[in-house]
Every structure is written in structure tokens, then in C-alpha cells.
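*Asks:* Input work_5.txt, format and content: compact mmCIF, C-alpha atoms and all ligand atoms.
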```txt
# COMPACT_ATOMS: atom_id res chain seq x y z
CA MET A 1 71.82 -27.73 -101.05
CA SER A 2 70.04 -27.85 -104.36
CA ALA A 3 71.95 -28.98 -107.42
CA ASP A 4 70.21 -26.35 -109.59
CA VAL A 5 72.48 -23.33 -109.64
CA PRO A 6 70.80 -20.16 -110.86
CA HIS A 7 73.23 -18.40 -113.22
CA CYS A 8 71.06 -15.52 -114.36
CA ALA A 9 70.00 -12.52 -112.30
CA GLY A 10 66.72 -13.30 -110.53
CA GLY A 11 67.17 -17.04 -111.15
CA ARG A 12 66.51 -19.34 -108.24
CA GLY A 13 67.67 -22.74 -107.02
CA GLY A 14 65.61 -25.92 -106.94
CA CYS A 15 64.86 -25.13 -103.27
CA ARG A 16 62.97 -22.04 -104.61
CA ILE A 17 64.17 -19.66 -101.94
CA ARG A 18 67.80 -19.02 -102.88
CA VAL A 19 67.72 -16.31 -105.47
CA ASN A 20 70.47 -14.68 -107.52
CA LEU A 21 70.15 -11.05 -106.40
CA ASP A 22 72.76 -8.75 -107.98
CA GLY A 23 75.09 -11.72 -108.48
CA GLU A 24 74.75 -12.89 -104.89
CA LEU A 25 72.83 -16.03 -103.90
CA ARG A 26 70.50 -14.95 -101.10
CA ALA A 27 67.96 -16.86 -98.99
CA VAL A 28 64.98 -14.55 -99.46
CA THR A 29 62.94 -16.12 -96.63
CA TYR A 30 65.38 -15.04 -93.91
CA GLY A 31 63.19 -13.73 -91.05
CA TYR A 32 59.95 -14.57 -92.88
CA PRO A 33 58.36 -17.82 -91.63
CA CYS A 34 55.16 -18.84 -93.40
CA THR A 35 53.98 -20.89 -90.46
CA VAL A 36 54.47 -20.53 -86.69
CA HIS A 37 52.71 -22.68 -84.07
CA VAL A 38 53.06 -23.79 -80.49
CA ASP A 39 53.11 -27.60 -80.62
CA PRO A 40 53.67 -30.29 -78.02
CA VAL A 41 57.25 -31.48 -78.49
CA GLU A 42 55.83 -35.00 -78.89
CA LYS A 43 54.24 -33.88 -82.17
CA LYS A 44 57.67 -33.56 -83.88
CA PRO A 45 57.89 -36.46 -82.77
CA VAL A 46 60.57 -35.97 -80.10
CA PHE A 47 59.96 -38.22 -77.08
CA HIS A 48 63.21 -38.15 -75.13
CA PHE A 49 63.86 -34.43 -74.89
CA LEU A 50 61.90 -31.99 -72.72
CA PRO A 51 58.93 -34.41 -72.60
CA GLY A 52 55.51 -32.92 -72.06
CA THR A 53 56.52 -29.37 -72.98
CA PRO A 54 55.34 -26.98 -75.70
CA THR A 55 57.78 -25.92 -78.40
CA LEU A 56 57.57 -22.90 -80.67
CA SER A 57 57.59 -24.43 -84.16
CA LEU A 58 58.23 -22.65 -87.44
CA ALA A 59 59.10 -23.04 -91.09
CA THR A 60 59.70 -20.93 -94.14
CA VAL A 61 58.58 -22.05 -97.59
CA GLY A 62 60.90 -24.13 -99.79
CA CYS A 63 62.87 -27.33 -99.34
CA ASN A 64 66.15 -28.75 -100.58
CA LEU A 65 64.44 -32.10 -101.22
CA HIS A 66 61.46 -32.82 -103.44
CA CYS A 67 59.91 -35.90 -101.88
CA LYS A 68 57.05 -37.29 -103.95
CA ASN A 69 55.26 -38.25 -100.73
CA CYS A 70 55.65 -34.87 -98.99
CA GLN A 71 52.75 -34.15 -96.61
CA ASN A 72 53.69 -30.47 -96.45
CA TRP A 73 54.07 -29.92 -100.18
CA GLU A 74 51.89 -26.77 -100.08
CA ILE A 75 54.72 -24.99 -98.28
CA SER A 76 57.77 -27.10 -99.15
CA GLN A 77 57.28 -26.92 -102.92
CA CYS A 78 56.06 -23.39 -103.44
CA ASN A 79 57.69 -20.06 -104.18
CA PRO A 80 58.12 -17.46 -101.41
CA GLU A 81 55.91 -15.00 -103.28
CA ASP A 82 53.03 -17.52 -103.38
CA LEU A 83 52.37 -17.56 -99.63
CA GLU A 84 51.92 -14.95 -96.95
CA ALA A 85 54.68 -14.75 -94.36
CA MET A 86 55.22 -12.99 -91.04
CA HIS A 87 58.20 -10.81 -90.31
CA LEU A 88 59.86 -12.47 -87.31
CA PRO A 89 63.61 -11.95 -87.07
CA PRO A 90 65.52 -14.27 -84.67
CA ALA A 91 65.14 -11.96 -81.64
CA ALA A 92 61.37 -11.71 -82.21
CA LEU A 93 61.10 -15.51 -82.31
CA VAL A 94 62.93 -15.77 -79.01
CA ASP A 95 60.58 -13.19 -77.46
CA LEU A 96 57.59 -15.09 -78.82
CA ALA A 97 58.85 -18.40 -77.40
CA ARG A 98 59.24 -16.82 -73.98
CA ARG A 99 55.83 -15.17 -74.14
CA GLU A 100 54.26 -18.52 -75.01
CA HIS A 101 56.18 -20.27 -72.19
CA CYS A 102 58.02 -22.55 -74.61
CA PRO A 103 61.35 -23.85 -73.31
CA SER A 104 62.46 -24.65 -76.87
CA ILE A 105 62.22 -23.55 -80.51
CA SER A 106 61.76 -26.18 -83.23
CA PHE A 107 62.64 -25.76 -86.90
CA THR A 108 60.23 -28.09 -88.63
CA TYR A 109 57.44 -28.64 -91.25
CA THR A 110 59.86 -27.95 -94.14
CA ASP A 111 63.57 -28.65 -93.85
CA PRO A 112 65.53 -26.09 -91.79
CA VAL A 113 68.56 -26.79 -93.97
CA VAL A 114 66.92 -24.70 -96.66
CA PHE A 115 66.62 -21.66 -94.39
CA TYR A 116 70.00 -22.38 -92.86
CA GLU A 117 71.11 -18.82 -92.01
CA TYR A 118 67.82 -17.98 -90.31
CA THR A 119 67.95 -21.26 -88.36
CA LEU A 120 71.55 -20.70 -87.30
CA ASP A 121 71.02 -17.12 -86.10
CA THR A 122 67.82 -18.08 -84.26
CA CYS A 123 69.58 -21.01 -82.57
CA ARG A 124 72.35 -18.68 -81.40
CA ALA A 125 69.83 -16.14 -80.08
CA ALA A 126 67.81 -18.90 -78.39
CA HIS A 127 70.85 -20.26 -76.59
CA ALA A 128 71.87 -16.79 -75.49
CA ALA A 129 68.38 -16.46 -73.94
CA GLY A 130 68.56 -19.87 -72.23
CA LEU A 131 66.16 -21.64 -74.62
CA LYS A 132 66.78 -25.04 -76.23
CA THR A 133 66.70 -25.73 -79.96
CA ILE A 134 65.35 -28.68 -81.94
CA LEU A 135 65.93 -29.50 -85.62
CA VAL A 136 63.42 -31.63 -87.49
CA THR A 137 65.33 -32.44 -90.64
CA ALA A 138 65.93 -34.86 -93.47
CA GLY A 139 69.64 -34.42 -92.74
CA TYR A 140 70.63 -33.63 -96.34
CA ILE A 141 73.42 -31.19 -95.65
CA ASN A 142 77.19 -31.03 -96.08
CA ARG A 143 79.40 -31.82 -93.12
CA GLU A 144 80.89 -28.37 -92.45
CA PRO A 145 77.65 -26.35 -92.35
CA ALA A 146 76.11 -29.16 -90.29
CA ARG A 147 78.97 -29.00 -87.81
CA GLU A 148 78.58 -25.22 -87.48
CA LEU A 149 74.81 -25.51 -86.97
CA PHE A 150 74.96 -28.43 -84.52
CA ARG A 151 77.09 -26.36 -82.13
CA HIS A 152 73.91 -24.43 -81.37
CA VAL A 153 71.38 -27.28 -81.48
CA ASP A 154 70.27 -29.49 -78.57
CA ALA A 155 68.13 -32.14 -80.23
CA ALA A 156 67.69 -33.42 -83.78
CA ARG A 157 64.90 -35.55 -85.12
CA ILE A 158 66.29 -36.88 -88.37
CA ASP A 159 64.41 -38.70 -91.15
CA LEU A 160 65.99 -41.88 -92.37
CA LYS A 161 63.73 -42.39 -95.34
CA ALA A 162 65.32 -45.65 -96.52
CA LEU A 163 68.69 -47.31 -96.47
CA SER A 164 68.79 -47.18 -100.24
CA ASN A 165 70.42 -44.69 -102.54
CA ASP A 166 67.92 -45.59 -105.29
CA PHE A 167 65.04 -44.63 -102.99
CA TYR A 168 66.60 -41.25 -102.23
CA ARG A 169 67.27 -40.62 -105.92
CA GLU A 170 63.86 -41.67 -107.20
CA ILE A 171 61.59 -40.43 -104.43
CA CYS A 172 63.43 -37.49 -102.86
CA ASP A 173 65.73 -36.14 -105.56
CA ALA A 174 68.67 -36.62 -103.16
CA THR A 175 71.30 -39.18 -102.15
CA LEU A 176 71.71 -41.40 -99.11
CA GLN A 177 75.27 -40.90 -97.92
CA PRO A 178 75.01 -37.26 -96.71
CA VAL A 179 72.01 -38.26 -94.58
CA LEU A 180 73.93 -41.11 -92.93
CA ASP A 181 76.89 -38.77 -92.34
CA THR A 182 74.59 -36.18 -90.71
CA ILE A 183 73.11 -38.76 -88.35
CA LEU A 184 76.56 -39.92 -87.27
CA LEU A 185 77.79 -36.35 -86.89
CA ALA A 186 74.82 -35.43 -84.70
CA ARG A 187 75.60 -38.38 -82.43
CA GLU A 188 79.30 -37.54 -82.41
CA MET A 189 78.45 -33.97 -81.34
CA ARG A 190 76.21 -35.35 -78.57
CA LEU A 191 72.88 -33.97 -79.73
CA GLU A 192 69.80 -35.82 -78.50
CA VAL A 193 69.07 -37.74 -81.70
CA GLU A 194 65.79 -39.44 -82.59
CA LEU A 195 65.26 -41.15 -85.95
CA ILE A 196 62.06 -41.50 -87.89
CA HIS A 197 61.33 -43.88 -90.75
CA LEU A 198 58.16 -43.42 -92.77
CA ILE A 199 57.06 -46.81 -94.07
CA ILE A 200 55.56 -46.46 -97.55
CA PRO A 201 53.85 -49.58 -98.92
CA THR A 202 55.68 -51.11 -101.90
CA LEU A 203 58.55 -48.60 -101.70
CA ASN A 204 60.43 -49.36 -98.48
CA ASP A 205 58.35 -51.87 -96.53
CA SER A 206 59.94 -55.23 -97.35
CA GLU A 207 61.31 -57.40 -94.57
CA ALA A 208 64.80 -57.05 -96.06
CA ASP A 209 64.54 -53.22 -96.25
CA LEU A 210 63.39 -52.93 -92.65
CA ARG A 211 65.98 -55.37 -91.34
CA ARG A 212 68.83 -53.59 -93.14
CA LEU A 213 67.75 -50.23 -91.75
CA CYS A 214 67.38 -51.50 -88.17
CA ARG A 215 70.74 -53.27 -88.35
CA TRP A 216 72.45 -50.09 -89.48
CA VAL A 217 70.85 -48.05 -86.68
CA ALA A 218 71.77 -50.63 -84.03
CA ASP A 219 75.36 -51.08 -85.25
CA HIS A 220 76.30 -47.52 -86.21
CA VAL A 221 74.06 -45.03 -84.41
CA GLY A 222 73.30 -46.75 -81.13
CA ARG A 223 70.70 -49.01 -79.57
CA ASP A 224 69.62 -46.27 -77.17
CA VAL A 225 68.58 -43.91 -80.01
CA PRO A 226 64.77 -43.78 -80.27
CA LEU A 227 63.48 -45.08 -83.60
CA HIS A 228 59.99 -44.01 -84.73
CA PHE A 229 58.19 -45.94 -87.46
CA SER A 230 55.53 -43.77 -88.98
CA ALA A 231 52.48 -44.82 -90.98
CA PHE A 232 52.10 -43.36 -94.45
CA SER A 233 48.79 -41.73 -95.32
CA PRO A 234 48.82 -40.93 -99.02
CA PRO A 235 48.88 -37.24 -99.96
CA THR A 236 47.27 -36.18 -103.24
CA SER A 237 50.56 -36.54 -105.09
CA ALA A 238 50.87 -40.22 -104.07
CA GLY A 239 47.18 -41.15 -103.98
CA HIS A 240 47.80 -44.37 -105.92
CA LEU A 241 49.56 -45.89 -102.89
CA PRO A 242 47.66 -47.45 -99.96
CA PRO A 243 48.15 -46.34 -96.35
CA THR A 244 50.57 -48.41 -94.25
CA PRO A 245 48.82 -51.42 -92.64
CA VAL A 246 49.16 -51.62 -88.87
CA ALA A 247 50.58 -55.15 -89.28
CA THR A 248 53.54 -53.73 -91.25
CA LEU A 249 54.31 -51.25 -88.46
CA GLU A 250 54.12 -53.98 -85.86
CA ARG A 251 56.43 -56.15 -87.94
CA ALA A 252 58.90 -53.25 -88.18
CA ARG A 253 58.78 -52.82 -84.40
CA ALA A 254 59.44 -56.53 -83.89
CA ILE A 255 62.42 -56.43 -86.27
CA ALA A 256 63.86 -53.37 -84.51
CA ARG A 257 63.55 -55.09 -81.14
CA GLU A 258 65.21 -58.21 -82.55
CA CYS A 259 68.08 -55.99 -83.64
CA GLY A 260 68.41 -54.77 -80.05
CA ILE A 261 67.00 -51.24 -80.43
CA ASP A 262 65.73 -50.16 -77.01
CA PHE A 263 63.14 -47.51 -77.81
CA VAL A 264 60.83 -48.19 -80.75
CA TYR A 265 57.70 -46.14 -81.34
CA LEU A 266 54.86 -46.31 -83.86
CA GLY A 267 53.33 -43.09 -85.13
CA ASN A 268 50.23 -42.01 -87.08
CA ILE A 269 48.20 -44.98 -85.85
CA LEU A 270 45.64 -45.55 -83.13
CA GLU A 271 47.26 -48.17 -80.97
CA ALA A 272 47.22 -47.84 -77.20
CA GLU A 273 50.85 -48.82 -76.65
CA ALA A 274 52.40 -47.38 -79.80
CA ALA A 275 53.98 -44.35 -78.14
CA ASN A 276 54.74 -45.69 -74.67
CA THR A 277 58.29 -46.01 -73.35
CA TYR A 278 59.18 -49.34 -71.76
CA CYS A 279 62.24 -49.90 -69.62
CA PRO A 280 64.76 -51.92 -71.66
CA GLY A 281 65.82 -53.61 -68.40
CA CYS A 282 62.64 -54.71 -66.58
CA LYS A 283 60.37 -54.20 -69.65
CA ARG A 284 57.78 -52.42 -67.52
CA LEU A 285 55.99 -49.27 -68.56
CA LEU A 286 58.03 -46.15 -67.85
CA VAL A 287 56.27 -43.33 -69.71
CA ARG A 288 52.69 -43.48 -70.94
CA ARG A 289 51.77 -41.26 -73.89
CA THR A 290 48.13 -40.76 -74.78
CA GLY A 291 47.66 -38.39 -77.68
CA PHE A 292 50.15 -35.68 -76.77
CA SER A 293 49.81 -36.07 -73.01
CA VAL A 294 52.70 -37.65 -71.16
CA ALA A 295 52.68 -39.39 -67.78
CA ARG A 296 55.56 -41.00 -65.93
CA GLU A 297 54.77 -44.40 -64.41
CA PRO A 298 56.42 -44.50 -61.03
CA HIS A 299 57.41 -48.16 -60.73
CA CYS A 300 60.77 -48.07 -62.50
CA ALA A 301 63.63 -45.86 -61.43
CA ARG A 302 66.00 -46.73 -64.29
CA ARG A 303 67.60 -43.76 -66.00
CA MET A 304 66.75 -43.38 -69.68
CA PRO A 305 68.94 -41.65 -72.23
CA GLY A 306 67.49 -38.24 -72.95
CA LEU A 307 64.77 -38.64 -70.32
CA ARG A 308 66.47 -36.79 -67.53
CA GLU A 309 65.48 -37.29 -63.92
CA GLY A 310 64.45 -33.61 -63.68
CA ASP A 311 62.09 -34.02 -66.63
CA LEU A 312 60.64 -37.22 -65.25
CA ARG A 313 60.11 -35.69 -61.80
CA ARG A 314 58.42 -32.70 -63.44
CA MET A 315 56.17 -35.07 -65.39
CA GLU A 316 55.25 -36.91 -62.20
CA LEU A 317 54.50 -33.62 -60.49
CA THR A 318 52.46 -32.39 -63.44
CA ARG A 319 50.51 -35.62 -63.46
CA ARG A 320 49.88 -35.50 -59.70
CA LYS A 321 48.83 -31.84 -59.90
CA PHE A 322 46.60 -32.64 -62.87
CA LEU A 323 44.90 -35.47 -60.96
CA GLN A 324 44.48 -33.28 -57.85
CA ALA A 325 43.06 -30.46 -59.97
CA ALA A 326 40.70 -32.87 -61.77
CA VAL A 327 39.43 -34.26 -58.44
CA ALA A 328 38.99 -30.72 -57.04
CA VAL A 329 37.08 -29.56 -60.13
CA LEU A 330 34.86 -32.65 -59.98
CA ALA A 331 34.14 -32.07 -56.29
CA VAL A 332 33.23 -28.40 -56.89
CA GLN A 333 31.04 -29.38 -59.84
CA CYS A 334 29.22 -32.01 -57.77
CA THR A 335 28.62 -29.56 -54.87
CA VAL A 336 27.44 -26.76 -57.14
CA GLY A 337 25.29 -29.18 -59.15
CA TRP A 338 23.69 -30.67 -56.03
CA THR A 339 22.98 -27.25 -54.50
CA TRP A 340 21.56 -26.03 -57.78
CA LEU A 341 19.34 -29.09 -58.14
CA ARG A 342 18.04 -28.82 -54.58
CA ALA A 343 17.19 -25.17 -55.09
CA ALA A 344 15.60 -25.78 -58.49
CA PRO A 345 11.90 -26.02 -57.43
CA ALA A 346 12.10 -22.81 -55.37
CA ARG A 347 14.01 -21.11 -58.19
CA GLY A 348 11.41 -22.23 -60.69
CA VAL A 349 8.57 -20.80 -58.59
CA GLN A 350 10.43 -17.51 -58.15
CA ALA A 351 11.14 -17.29 -61.85
CA VAL A 352 7.54 -18.05 -62.77
CA ARG A 353 6.30 -15.48 -60.25
CA ALA A 354 8.61 -12.87 -61.66
CA GLY A 355 7.68 -13.72 -65.21
CA ARG A 356 11.31 -14.55 -65.99
CA TYR A 357 10.73 -17.87 -67.73
CA PRO A 358 11.78 -17.63 -71.33
CA GLY A 359 9.73 -18.65 -74.30
CA ARG A 360 6.03 -19.14 -74.30
CA LEU A 361 5.51 -19.50 -70.55
CA ARG A 362 3.50 -16.72 -69.03
CA PRO A 363 3.79 -15.57 -65.39
CA LEU A 364 1.41 -17.43 -63.11
CA ASP A 365 -0.53 -15.98 -60.25
CA GLU A 366 -0.51 -17.36 -56.70
CA ARG A 367 -3.68 -19.41 -57.19
CA GLU A 368 -2.33 -21.21 -60.21
CA LEU A 369 0.90 -21.97 -58.40
CA ARG A 370 -0.93 -23.58 -55.50
CA ARG A 371 -3.33 -25.52 -57.70
CA PRO A 372 -2.27 -29.12 -58.31
CA GLY A 373 -1.60 -29.94 -61.92
CA PRO A 374 -4.15 -32.08 -63.83
CA TRP A 375 -1.85 -35.10 -63.47
CA LEU A 376 -2.27 -34.82 -59.67
CA GLY A 377 -5.92 -33.86 -59.53
S1 LIG B 401 62.37 -33.20 -96.85
FE1 LIG B 401 60.41 -33.16 -95.77
S2 LIG B 401 59.54 -31.12 -96.25
FE2 LIG B 401 61.19 -31.50 -97.72
S3 LIG B 401 60.13 -32.35 -99.50
FE3 LIG B 401 60.88 -34.09 -98.25
S4 LIG B 401 59.15 -34.61 -96.92
FE4 LIG B 401 58.74 -32.56 -97.76
```
What would the structure in this file look like if it were written as C-alpha cells?

*Replies:*
Amino acid sequence: MSADVPHCAGGRGGCRIRVNLDGELRAVTYGYPCTVHVDPVEKKPVFHFLPGTPTLSLATVGCNLHCKNCQNWEISQCNPEDLEAMHLPPAALVDLARREHCPSISFTYTDPVVFYEYTLDTCRAAHAAGLKTILVTAGYINREPARELFRHVDAARIDLKALSNDFYREICDATLQPVLDTILLAREMRLEVELIHLIIPTLNDSEADLRRLCRWVADHVGRDVPLHFSAFSPPTSAGHLPPTPVATLERARAIARECGIDFVYLGNILEAEAANTYCPGCKRLLVRRTGFSVAREPHCARRMPGLREGDLRRMELTRRKFLQAAVAVLAVQCTVGWTWLRAAPARGVQAVRAGRYPGRLRPLDERELRRPGPWLG
């Protein structure tokens, strides 16, 4: 948690939400998320867990890191009293997830470590109700609280911002080692882990940086762990930096593949194949992702870590049903359209007779209707 310890009554930590209330350090955002949405799980991005499903996503204000490149700084770096929040205790979130037909709840946008107690209680309530839980986190947390939380978490998408302590110190106001420990702990506790690395030009985009990071993932975390490279688009606070060139992302993907990582994805760019899953065995397309829509390609039966057969079958079914529904809708539209077009002249005459044409047209009498227009006369 934050290194700033508030000693005086009413003082708060660097995370902004832990306040010294009557000598007790309390997380004042417990039960008060400032943002709640239903997102596709692919938006987290989480690709190998409950693919193609919606997830109830929430955050409170505050963060235990202070990344200079934060895209969500309006909520991560503000005080609880500066933003409106909803009152949604853990049980209410679970009810909401069920009402919205979400099979999972995601703690995201800011870091759930900062609203740890709320996250933990909601995860427990979600599991008791048969829902899954997903953490989207920078992984900057001590081992014991992480272990307690991970008992109630199914999937974790963890940022690995750089394999450099200097980067974490200068850019995020944090340190590297706890993040690495969290990633290894999540794997050890058998969570579905996906890693994301935001490539920021000039800060962590050198060939050596990328190779070191990919090597560490392949050697210590596992080659079957999905690795997402994400393009940086400069927020106001880092407007002096350029966006990440597509060539840099493609180079990162090539390096990751050279290091033996099976599932490499590119995010925040428009590239047709950036988010597809290819079979590491036969190299053929297994899952096609377009925007946030997901479709299973049926020509490879190989099992993928995290992509369970049930999920894949459901995706195939959804896709088939979608295609059938699209064809049916098209057929109905064509029939209705054709019937409507064929009946148009008669309808026009009736409408003119009845004086129902809008605008400047006046009702015509029988003689005018029968008279050929000047272009025919
Ligand atoms: S950890 Fe994420 S939410 Fe927190 S400051 Fe860094 S980028 Fe923003």
C-alpha cells in the first residue's frame, strides 16, 4: 500500500482513500464505486477466461500507484469527495451482476488493491452466489494479503509495466519486485493469469527491454500465459510522448514468439489479426476476435489453457445461432421489403385519395388520378 502514512486525525494516505478516522486507518470508499459498467470480458483484456461473456466491472476512486501515463487519472488520482459514487455493498453488486446476466464481476479501471476490503468481501459474496471474479491489477501488493484475496479470485490480468525497477520508481512511484512476486503467486495459486505490457515510446520500447521482459515471462511464468502488448496513446499528462508505432508492437510480438510464448496479442491498434488466437501446434486460427465479438474457428480441436471446451462449444453455438438469426432477419426483411414495394403504387393512390400524403401534396380527385402526367402526355 502507499508509503505515505497519515499520522494526524483526518490525514490520508497517498492512495487518497485510506483516512485516519479516530485513530483508525479506514478505506472510505468501501461499498461506494464511482464507476460501474457491463463490459465484454475481452475489454479488460481477458481472452482466455469466459470468452465472449459480459462482466460487471467496477472501481472506486484512488490508486496505490501514481503512474504518470495513467489513462484513468480522473478517478485514480482524485479524492473520494471529488466524485459522485453509488452505494453498492457487496451483496448489491452480486444482485446487479445476476440481473445483468454477467457470469463474472471484474475489479478494474483503478487498482482493486486500493479498495482491498471491498474487493475481498465482494469476491466472497460472488463465489457464494456461483459467480466468477476477475482482478485487473498492477499487482503491487504484499504477499499475505494477496494470498488471502487470491483464494476468492478466478482470473487475474496483471500489468507488467517494465522489467526495470527504475521504470517503476520513476514512472509509477512503486517498485518492481512485489509485482513479480504477485504474478508468480497468482500462477502458483492456479488463477487464470494474463499479462499486459503497455509499450511507451522511449521509456520501455527498446529491443533489449522487450527481450528481457519476454524471456522472464517465458522462463518464470509460463509459455502458455497470454501476453498482451498494448499501444500507448498519450494522455494529457504525457502529451509530449508519441503514440506507439504499429511496427514496435509487431516487433514485440515477434520477440515474444521467438522466446516461445504461445499466445501473444496486440491491443489498442486496428490490425485484423492482432487479437486472434492461433493454435501453437498447427498454427491455424482457433479463435477470431473482431472488436469485442468472439468466434471459434472449427478446424482445430486442440485444447487451449484457459479456453475450456465448454466455453468454446458455447462460442460455436453462439456463432451458429447468430448466423442463423442474421439469415432469418435478412429473409424477413427481404420479404417485407418486396411486399411493401409491390404494394407501393396502390398504397400511394389510396393515400392520395384519402389526403394522407404529408407536406404540400393535396388530395387529388379521381380525374386527376386517371390523367397521365405531362411526362407521358
Ligand atoms: S496502477 Fe493503473 S490505475 Fe493506478 S495509477 Fe497506474 S495506470 Fe493508473

*Asks:* Using only C-alpha atoms and all ligand atoms for the distances, tell me which of A:Arg223, A:Arg147, A:Arg251, A:His197 is nearest to ligand LIG 401 (chain B).

*Replies:*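 For ligand LIG 401 (chain B), the nearest of the candidates is A:His197.
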
*Asks:* Please measure the separation of CA of Leu203 (chain A) and CA of Ile171 (chain A), giving the value in Å to one decimal.

*Replies:*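 Between CA of Leu203 (chain A) and CA of Ile171 (chain A) the gap works out to 9.1 Å.
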
*Asks:* Around region 260-276 of chain A, with edges along x, y and z and 6 Å added on all six sides, what centre and edge lengths do you get, in Å to one decimal, as AutoDock Vina command-line options?

*Replies:*
```
--center_x 57.0 --center_y -48.4 --center_z -80.9 --size_x 34.8 --size_y 24.8 --size_z 24.4
```

*Asks:* Taking (54.4, -31.9, -100.1) in the file's own coordinates, collect the residues within 12 Å, counting all atoms listed in the file, and hand them back as a list of chain:residue names.

*Replies:* A:Val61, A:Gly62, A:Cys63, A:Leu65, A:His66, A:Cys67, A:Lys68, A:Asn69, A:Cys70, A:Gln71, A:Asn72, A:Trp73, A:Glu74, A:Ile75, A:Ser76, A:Gln77, A:Cys78, A:Tyr109, A:Thr110, A:Asp111, A:Ile171, A:Cys172, A:Pro234, A:Pro235, A:Thr236, A:Ser237, A:Ala238

*Asks:* Hey, can you spit out that residue selection with C-alpha atoms as an mmCIF file, in the coordinates of the input?

*Replies:*
```cif
data_model
loop_
_atom_site.group_PDB
_atom_site.id
_atom_site.type_symbol
_atom_site.label_atom_id
_atom_site.label_comp_id
_atom_site.auth_asym_id
_atom_site.auth_seq_id
_atom_site.Cartn_x
_atom_site.Cartn_y
_atom_site.Cartn_z
ATOM 1 C CA VAL A 61 58.580 -22.050 -97.590
ATOM 2 C CA GLY A 62 60.900 -24.130 -99.790
ATOM 3 C CA CYS A 63 62.870 -27.330 -99.340
ATOM 4 C CA LEU A 65 64.440 -32.100 -101.220
ATOM 5 C CA HIS A 66 61.460 -32.820 -103.440
ATOM 6 C CA CYS A 67 59.910 -35.900 -101.880
ATOM 7 C CA LYS A 68 57.050 -37.290 -103.950
ATOM 8 C CA ASN A 69 55.260 -38.250 -100.730
ATOM 9 C CA CYS A 70 55.650 -34.870 -98.990
ATOM 10 C CA GLN A 71 52.750 -34.150 -96.610
ATOM 11 C CA ASN A 72 53.690 -30.470 -96.450
ATOM 12 C CA TRP A 73 54.070 -29.920 -100.180
ATOM 13 C CA GLU A 74 51.890 -26.770 -100.080
ATOM 14 C CA ILE A 75 54.720 -24.990 -98.280
ATOM 15 C CA SER A 76 57.770 -27.100 -99.150
ATOM 16 C CA GLN A 77 57.280 -26.920 -102.920
ATOM 17 C CA CYS A 78 56.060 -23.390 -103.440
ATOM 18 C CA TYR A 109 57.440 -28.640 -91.250
ATOM 19 C CA THR A 110 59.860 -27.950 -94.140
ATOM 20 C CA ASP A 111 63.570 -28.650 -93.850
ATOM 21 C CA ILE A 171 61.590 -40.430 -104.430
ATOM 22 C CA CYS A 172 63.430 -37.490 -102.860
ATOM 23 C CA PRO A 234 48.820 -40.930 -99.020
ATOM 24 C CA PRO A 235 48.880 -37.240 -99.960
ATOM 25 C CA THR A 236 47.270 -36.180 -103.240
ATOM 26 C CA SER A 237 50.560 -36.540 -105.090
ATOM 27 C CA ALA A 238 50.870 -40.220 -104.070
#
```

*Asks:* What does the distance between CA of Ile261 (chain A) and CA of Leu227 (chain A) come to in Å, to one decimal place?

*Replies:* 7.8 Å

*Asks:* State, in Å with one decimal place, the distance from CA of Ala85 (chain A) to CA of Ser106 (chain A).

*Replies:* 17.5 Å

*Asks:* With all atoms listed in the file as the atoms that count, which of A:Val136, A:Leu88, A:Leu120, A:Val41 lies nearest to ligand LIG 401 (chain B)?

*Replies:*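 Checking each of A:Val136, A:Leu88, A:Leu120, A:Val41 against ligand LIG 401 (chain B), counting all atoms listed in the file, the winner is A:Val136.
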
*Asks:* So which one's closest to ligand LIG 401 (chain B), A:Tyr265, A:Tyr140, A:Trp216, A:Tyr278? Using all atoms listed in the file, please.

*Replies:*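 Smallest separation from ligand LIG 401 (chain B) among the options: A:Tyr140.
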
*Asks:* Ranking A:Asp121, A:Phe150, A:Phe47, A:Arg169 by minimum distance to ligand LIG 401 (chain B) and counting all atoms listed in the file, which one comes first?

*Replies:*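 That would be A:Arg169, the residue with the smallest distance to ligand LIG 401 (chain B).
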
*Asks:* Which residues, written as a PDB file with C-alpha atoms, keeping the file's coordinate frame, have at least one atom at most 6 Å from Pro33 (chain A), with all atoms listed in the file counted and residues fewer than 3 positions away on the same chain left out?

*Replies:*
```
ATOM      1  CA  ALA A  59      59.100 -23.040 -91.090  1.00  0.00           C
ATOM      2  CA  THR A  60      59.700 -20.930 -94.140  1.00  0.00           C
ATOM      3  CA  ALA A  85      54.680 -14.750 -94.360  1.00  0.00           C
ATOM      4  CA  MET A  86      55.220 -12.990 -91.040  1.00  0.00           C
TER       5      MET A  86
END
```

*Asks:* Which protein, DNA or RNA residues have an atom at most 9 Å from (70.7, -47.4, -94.0), counting only C-alpha atoms? List them as number ranges by chain.

*Replies:* A: 160-165, 176-177, 180, 209, 212-217
